[in-house]
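Have a look at the structure below before the remarks.
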Amino acid sequence: MSRIGRADVAFGLAALVAVSPFVLHLGGTATGATGTAARLYLGNLSKLTFLVLAAASALRVAARLEAGNPMRGTWRTMAAGFVAFAAGQAVLFTYQVVLRLPSPFPSLADVFFVASYPLLLTALVRAIGAYAETGYPIGTTRERTGTTLTVAAAAVVAGYPALKPVIATPAPALEKLLNVAYPVLDLAVLVPVFILLRIAIRFRGGEVWKVWAGLLTGFMLMCVGDVLFAYLTAMGQAHLDPLIHVMYILSYACLARGALGQYELLR
């Protein structure tokens, strides 16, 4: 097995171990003190570790690229987005693991999370332009517009039924705003990722495909997690919270694997 293949297996196993306490809890087991501790520590540590790895890998990618390479700024900006996301997760880690307190919502973590989206969106849009500069066929304006409209339509069809009760349920204005804003921001990020995946599809089976497929999967799972968080919070179904954590852990693992995959390509 190649080094990249071993890394894929290692990431898969790490993600499975990290989500196992939450899956067991959803199945009616691991509900005692040991299960609670496993979810608290393993869940928080795995999320923060994957996000730090994503940020570090993106920074190393940027450092490996030549000064004139148009993708260098792209990966620097993406690294900044991952750093902001990791900072938000570090705030939650501090509340839950260090202080042993329920993390408030909204909190300082949300400042970092929201700040990450413009950075990630800018990086992804710049990546499309960078591929165009280097001669990759990025598709016509009509094709990119079609992808944008298709993703938006699919998101409305899937997301509106889930977000409708969030809008209708009485809640503080800022809390409601964030619960709606996160899925919308996720959608904005998904659009350029889908376009980038279409560019990379001609390399399907290769490592370029894996990079963008990993990032796309990560952002999609993040969107699902944000929608679930908003919906379950509005409906008062706290017993399904472990499902949200599963989505976030898998999301961050995919983002880290995608960024690390790009670094391995440059090695």
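Chain labels follow the order of the structure tokens: the first chain is A, the next B, and so on; residue numbering restarts at 1 in every chain, and ligands are counted from 1 in their shown order.
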- Message: Excluding Val61 of chain A and its own-chain neighbours fewer than 4 positions away, which residues fall within 12 Å of it when counting only C-alpha atoms? Please give them as a PyMOL selection string.
- Response: chain A and resi 54-57+65-66+69+71-79+258-267
Based on the selection just made, write N, CA and C atoms of those residues as a short mmCIF file (atom, residue, chain, number, x, y, z; two decimals), in the first residue's frame.
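Output file result.cif is given in full below:
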data_model
loop_
_atom_site.label_atom_id
_atom_site.label_comp_id
_atom_site.auth_asym_id
_atom_site.auth_seq_id
_atom_site.Cartn_x
_atom_site.Cartn_y
_atom_site.Cartn_z
N ALA A 54 -5.97 20.59 9.27
CA ALA A 54 -6.38 21.21 8.01
C ALA A 54 -5.66 22.54 7.82
N ALA A 55 -5.61 23.36 8.88
CA ALA A 55 -4.95 24.66 8.79
C ALA A 55 -3.45 24.50 8.53
N ALA A 56 -2.81 23.60 9.27
CA ALA A 56 -1.37 23.39 9.11
C ALA A 56 -1.04 22.87 7.71
N SER A 57 -1.86 21.96 7.20
CA SER A 57 -1.61 21.41 5.87
C SER A 57 -1.76 22.48 4.80
N LEU A 65 4.53 26.22 -2.56
CA LEU A 65 4.29 26.78 -3.89
C LEU A 65 5.20 27.98 -4.14
N GLU A 66 5.61 28.14 -5.39
CA GLU A 66 6.49 29.25 -5.74
C GLU A 66 5.76 30.57 -5.58
N ASN A 69 3.19 31.46 -8.20
CA ASN A 69 2.11 30.51 -8.45
C ASN A 69 0.78 31.09 -7.98
N MET A 71 -1.88 29.75 -7.15
CA MET A 71 -2.54 28.97 -6.10
C MET A 71 -1.95 29.24 -4.72
N ARG A 72 -0.82 29.92 -4.68
CA ARG A 72 -0.19 30.17 -3.37
C ARG A 72 -1.08 31.03 -2.48
N GLY A 73 -1.59 32.13 -3.03
CA GLY A 73 -2.48 32.99 -2.26
C GLY A 73 -3.78 32.29 -1.91
N THR A 74 -4.22 31.43 -2.81
CA THR A 74 -5.45 30.67 -2.56
C THR A 74 -5.32 29.83 -1.31
N TRP A 75 -4.22 29.09 -1.21
CA TRP A 75 -4.05 28.19 -0.06
C TRP A 75 -3.72 28.96 1.22
N ARG A 76 -3.09 30.12 1.09
CA ARG A 76 -2.87 30.96 2.27
C ARG A 76 -4.21 31.44 2.84
N THR A 77 -5.09 31.88 1.94
CA THR A 77 -6.40 32.36 2.39
C THR A 77 -7.22 31.22 2.96
N MET A 78 -7.14 30.05 2.33
CA MET A 78 -7.86 28.90 2.87
C MET A 78 -7.32 28.52 4.24
N ALA A 79 -6.02 28.59 4.40
CA ALA A 79 -5.42 28.32 5.71
C ALA A 79 -5.95 29.28 6.76
N GLY A 258 -8.46 16.46 2.78
CA GLY A 258 -8.32 17.15 1.50
C GLY A 258 -7.11 18.07 1.48
N ALA A 259 -6.93 18.85 2.54
CA ALA A 259 -5.80 19.77 2.60
C ALA A 259 -4.48 19.01 2.66
N LEU A 260 -4.45 17.94 3.47
CA LEU A 260 -3.22 17.15 3.56
C LEU A 260 -2.94 16.46 2.22
N GLY A 261 -4.00 16.04 1.53
CA GLY A 261 -3.81 15.41 0.22
C GLY A 261 -3.12 16.35 -0.77
N GLN A 262 -3.48 17.63 -0.72
CA GLN A 262 -2.82 18.60 -1.60
C GLN A 262 -1.34 18.74 -1.24
N TYR A 263 -1.04 18.74 0.05
CA TYR A 263 0.37 18.82 0.46
C TYR A 263 1.15 17.58 0.00
N GLU A 264 0.53 16.41 0.09
CA GLU A 264 1.20 15.19 -0.35
C GLU A 264 1.47 15.22 -1.85
N LEU A 265 0.57 15.85 -2.61
CA LEU A 265 0.80 16.00 -4.06
C LEU A 265 2.08 16.78 -4.33
N LEU A 266 2.29 17.84 -3.53
CA LEU A 266 3.47 18.69 -3.75
C LEU A 266 4.75 18.03 -3.29
N ARG A 267 4.62 17.09 -2.36
CA ARG A 267 5.81 16.37 -1.89
C ARG A 267 6.32 15.43 -2.98
#
- Within 7 Å of segment 238-254 of chain A, counting only C-alpha atoms, which residues qualify if same-chain residues fewer than 4 places away don't, as an MDAnalysis selection string? chainID A and resid 15 19 22 26 46:47 50:51 214:215 217:219 221:222 224:225 228:229 232:233 258
- Task: List every residue of segment 20-205 of chain A that DSSP, applied to the backbone of this structure, assigns to alpha helix (DSSP H), and report them as a PyMOL selection string.
- Result: chain A and resi 20-26+33-64+70-93+108-133+141-168+173-200
What are the closest atom pairs, with distances in Å to one decimal, for each residue of segment 131-176 of chain A lying within 10 Å of segment 96-114 of chain A, using only C-alpha atoms, rows by chain and rising residue number, as a Markdown table?
| residue | atom | partner | partner_atom | distance |
| --- | --- | --- | --- | --- |
| A:Pro172 | CA | A:Pro106 | CA | 9.9 |
| A:Leu174 | CA | A:Pro106 | CA | 7.4 |
| A:Glu175 | CA | A:Pro106 | CA | 6.1 |
| A:Lys176 | CA | A:Pro106 | CA | 9.8 |
- Rank A:Ala181, A:Val151, A:Leu92, A:Val208 by their smallest atom-to-atom distance to Asp226 of chain A, using only C-alpha atoms, and report the top residue only. A:Ala181
- List the neighbours of Ala200 of chain A out to 9 Å using only C-alpha atoms; skip same-chain residues closer than 5 positions along the sequence, and give me the result as a ChimeraX atom specification. /A:195,208-213
Output N, CA and C atoms for every residue in that selection, as an mmCIF file, in the first residue's frame.
data_model
loop_
_atom_site.group_PDB
_atom_site.id
_atom_site.type_symbol
_atom_site.label_atom_id
_atom_site.label_comp_id
_atom_site.auth_asym_id
_atom_site.auth_seq_id
_atom_site.Cartn_x
_atom_site.Cartn_y
_atom_site.Cartn_z
ATOM 1 N N ILE A 195 -17.926 23.691 -8.487
ATOM 2 C CA ILE A 195 -17.281 24.091 -9.743
ATOM 3 C C ILE A 195 -15.869 23.523 -9.810
ATOM 4 N N VAL A 208 -5.640 14.751 -7.506
ATOM 5 C CA VAL A 208 -6.292 16.052 -7.616
ATOM 6 C C VAL A 208 -7.786 15.912 -7.339
ATOM 7 N N TRP A 209 -8.367 14.863 -7.888
ATOM 8 C CA TRP A 209 -9.785 14.584 -7.633
ATOM 9 C C TRP A 209 -10.035 14.373 -6.147
ATOM 10 N N LYS A 210 -9.160 13.628 -5.489
ATOM 11 C CA LYS A 210 -9.344 13.328 -4.066
ATOM 12 C C LYS A 210 -9.312 14.595 -3.222
ATOM 13 N N VAL A 211 -8.448 15.536 -3.586
ATOM 14 C CA VAL A 211 -8.343 16.781 -2.812
ATOM 15 C C VAL A 211 -9.682 17.510 -2.789
ATOM 16 N N TRP A 212 -10.240 17.760 -3.969
ATOM 17 C CA TRP A 212 -11.479 18.535 -4.023
ATOM 18 C C TRP A 212 -12.686 17.718 -3.590
ATOM 19 N N ALA A 213 -12.645 16.417 -3.836
ATOM 20 C CA ALA A 213 -13.738 15.566 -3.344
ATOM 21 C C ALA A 213 -13.754 15.560 -1.821
#
- Task: For Ala18 of chain A, list every protein, DNA or RNA residue within 7 Å, evaluated using only C-alpha atoms, and leave out those in the same chain fewer than 2 positions away; present the list as a list in words.
- Result: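 So the residues in contact are Ala14, Ala15, Leu16, Ser20, Leu42, Gly43 and Ser46 of chain A.
Using only C-alpha atoms, the smallest distance between any of A:Ala37, A:Ala63, A:Leu196, A:Ala234 and Thr148 of chain A comes from A:Leu196.
Minimum atom-to-atom distance to Gly236 of chain A, evaluated using only C-alpha atoms, belongs to A:Thr169 out of A:Val9, A:Thr169, A:Val125, A:Leu197.
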- Point-to-point distance from atom CA of Leu45 of chain A to atom CA of Thr94 of chain A, Å rounded to tenths: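 A separation of 10.9 Å between them.
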- Message: Which residue is closest to Val83 of chain A? Choose from A:Gly32, A:Tyr117, A:Pro165, A:Ala7 and count only C-alpha atoms.
- Response: A:Tyr117
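Taking only C-alpha atoms into account, Ala87 of chain A lies nearest to A:Leu48 out of the set A:Arg198, A:Thr31, A:Leu48, A:Tyr182.
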- Task: Excluding Ala162 of chain A and residues on its chain fewer than 6 positions from it, collect all residues at most 9 Å away from it, counting only C-alpha atoms, and give them as number ranges by chain.
- Result: A: 227-228, 230-231
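Among the candidates A:Val91, A:Ala152, A:Ile167, A:Ala127, the residue lying nearest to Val193 of chain A is A:Ala127 (atoms considered: only C-alpha atoms).
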